[in-house]
$ cat coords.txt   # compact mmCIF, C-alpha atoms
# COMPACT_ATOMS: atom_id res chain seq x y z
CA THR Z 17 -31.92 -12.03 35.05
CA SER Z 18 -32.44 -10.13 31.82
CA LYS Z 19 -30.86 -6.70 31.67
CA PRO Z 20 -31.62 -3.87 29.24
CA ILE Z 21 -29.23 -3.32 26.34
CA ASP Z 22 -28.40 0.14 27.69
CA VAL Z 23 -26.97 -1.39 30.88
CA TYR Z 24 -24.49 -3.41 28.85
CA ARG Z 25 -23.71 -0.45 26.61
CA TYR Z 26 -22.90 1.64 29.68
CA LEU Z 27 -20.63 -1.08 31.09
CA TYR Z 28 -18.86 -1.69 27.78
CA GLU Z 29 -18.37 2.02 27.10
CA ASN Z 30 -17.10 2.84 30.58
CA TYR Z 31 -14.96 -0.21 31.24
CA LEU Z 32 -14.02 -2.06 28.06
CA THR Z 33 -13.43 0.77 25.61
CA GLY Z 34 -10.63 2.18 27.79
CA ILE Z 35 -9.01 -1.22 28.19
CA GLY Z 36 -8.97 -1.74 24.43
CA LYS Z 37 -7.34 1.63 23.90
CA LYS Z 38 -4.68 0.92 26.55
CA LEU Z 39 -3.89 -2.47 25.04
CA GLY Z 40 -4.03 -1.11 21.50
CA ARG Z 41 -6.34 -3.84 20.24
CA ARG Z 42 -9.96 -4.90 20.00
CA VAL Z 43 -11.62 -6.29 23.08
CA SER Z 44 -13.49 -9.60 22.86
CA ILE Z 45 -16.44 -10.28 25.14
CA LEU Z 46 -17.33 -13.75 26.41
CA ASP Z 47 -20.75 -14.27 28.01
CA THR Z 48 -20.96 -17.78 29.46
CA ASN Z 49 -24.63 -17.35 30.44
CA LEU Z 50 -26.14 -15.82 27.32
CA GLY Z 51 -29.77 -15.97 28.42
CA SER Z 52 -31.81 -13.35 26.57
CA GLY Z 53 -28.76 -12.16 24.63
CA THR Z 54 -28.89 -8.44 25.36
CA SER Z 55 -25.16 -8.52 26.12
CA GLY Z 56 -24.53 -9.75 22.58
CA ILE Z 57 -26.77 -7.15 21.00
CA ALA Z 58 -24.97 -4.38 22.90
CA ALA Z 59 -21.60 -5.79 21.79
CA PHE Z 60 -22.81 -5.89 18.18
CA VAL Z 61 -24.05 -2.30 18.34
CA MET Z 62 -20.73 -1.11 19.77
CA GLY Z 63 -18.55 -3.13 17.41
CA PHE Z 64 -17.02 -5.53 19.94
CA ASP Z 65 -16.16 -9.13 19.13
CA PHE Z 66 -18.59 -11.35 21.04
CA THR Z 67 -18.98 -15.00 21.94
CA GLY Z 68 -22.07 -16.14 23.81
CA ILE Z 69 -22.63 -19.56 25.38
CA GLU Z 70 -26.03 -20.90 26.40
CA ILE Z 71 -26.73 -24.42 27.67
CA SER Z 72 -30.48 -24.23 27.00
CA LYS Z 73 -31.42 -24.71 23.34
CA LYS Z 74 -34.71 -22.94 24.04
CA PHE Z 75 -32.98 -19.76 25.23
CA PHE Z 76 -30.33 -19.99 22.51
CA ASP Z 77 -32.96 -20.22 19.78
CA LEU Z 78 -34.89 -17.28 21.28
CA GLU Z 79 -31.75 -15.17 21.48
CA GLU Z 80 -30.75 -16.04 17.94
CA SER Z 81 -34.13 -14.98 16.54
CA ASP Z 82 -34.16 -11.80 18.68
CA PHE Z 83 -30.69 -10.91 17.40
CA GLU Z 84 -31.71 -11.40 13.76
CA LEU Z 85 -34.82 -9.24 14.29
CA TYR Z 86 -32.69 -6.56 15.93
CA LYS Z 87 -30.25 -6.55 12.99
CA GLN Z 88 -33.08 -6.35 10.44
CA LYS Z 89 -34.74 -3.52 12.35
CA ASN Z 90 -31.51 -1.53 12.49
CA GLU Z 91 -30.74 -2.12 8.81
CA LEU Z 92 -34.16 -0.68 7.94
CA LEU Z 93 -33.59 2.33 10.21
CA LEU Z 94 -30.20 2.98 8.62
CA GLN Z 95 -31.71 2.84 5.13
CA TYR Z 96 -34.35 5.42 6.04
CA GLU Z 97 -31.85 7.57 7.91
CA GLU Z 98 -29.54 7.63 4.88
CA LYS Z 99 -32.40 8.85 2.73
CA ASP Z 100 -33.24 11.62 5.25
CA GLN Z 101 -36.81 10.41 5.43
CA PHE Z 102 -36.78 10.40 9.20
CA SER Z 103 -35.10 12.42 11.91
CA PHE Z 104 -33.94 10.84 15.13
CA PHE Z 105 -33.58 12.86 18.30
$ encode --input "coords.txt" --output "structure tokens"
Amino acid sequence: TSKPIDVYRYLYENYLTGIGKKLGRRVSILDTNLGSGTSGIAAFVMGFDFTGIEISKKFFDLEESDFELYKQKNELLLQYEEKDQFSFF
């Protein structure tokens, strides 16, 4: 079942960030059922190392293209934000 990126961000922030600090190292995330890939996008946004596994080539290809679109979209937003052309609230 697909979950919103914000669900994964909440889980990572509230459970994994503290573990990483206690261990004094980066936390790596392994998702053995990648599916739509929102877990990977959330990990990317938060700076976690991530490995995703998907048995279905169809779902893997969809996730890969979604991830690339997400990265491109965010790179464009960062470029505009740096130029102070837009405000985000």
$ atom_distance --input "coords.txt" --atom1 "CA of Ser44 in chain Z" --atom2 "CA of Phe66 in chain Z"
5.7 Å
$ atom_distance --input "coords.txt" --atom1 "CA of Ser52 in chain Z" --atom2 "CA of Glu79 in chain Z"
5.4 Å
$ atom_distance --input "coords.txt" --atom1 "CA of Glu80 in chain Z" --atom2 "CA of Asn30 in chain Z"
26.5 Å
$ residues_around --input "coords.txt" --residues "Pro20 in chain Z" --least-positions-apart "3" --cutoff "12 Å" --atoms "only C-alpha atoms" --output "ChimeraX atom specification"
/Z:17,23-27,52-58
$ closest_residue --input "coords.txt" --among "Z:Leu32, Z:Leu39, Z:Leu78, Z:Ile45" --to "Phe60 in chain Z" --atoms "all atoms listed in the file"
Z:Ile45
$ closest_residue --input "coords.txt" --among "Z:Gly51, Z:Arg42, Z:Val61, Z:Glu84" --to "Ile21 in chain Z" --atoms "all atoms listed in the file"
Z:Val61
$ residues_near_point --input "coords.txt" --point "(-12.9, -2.1, 24.0)" --cutoff "7 Å" --atoms "all atoms listed in the file" --output "VMD selection string"
chain Z and resid 32 to 37 42 to 43 64
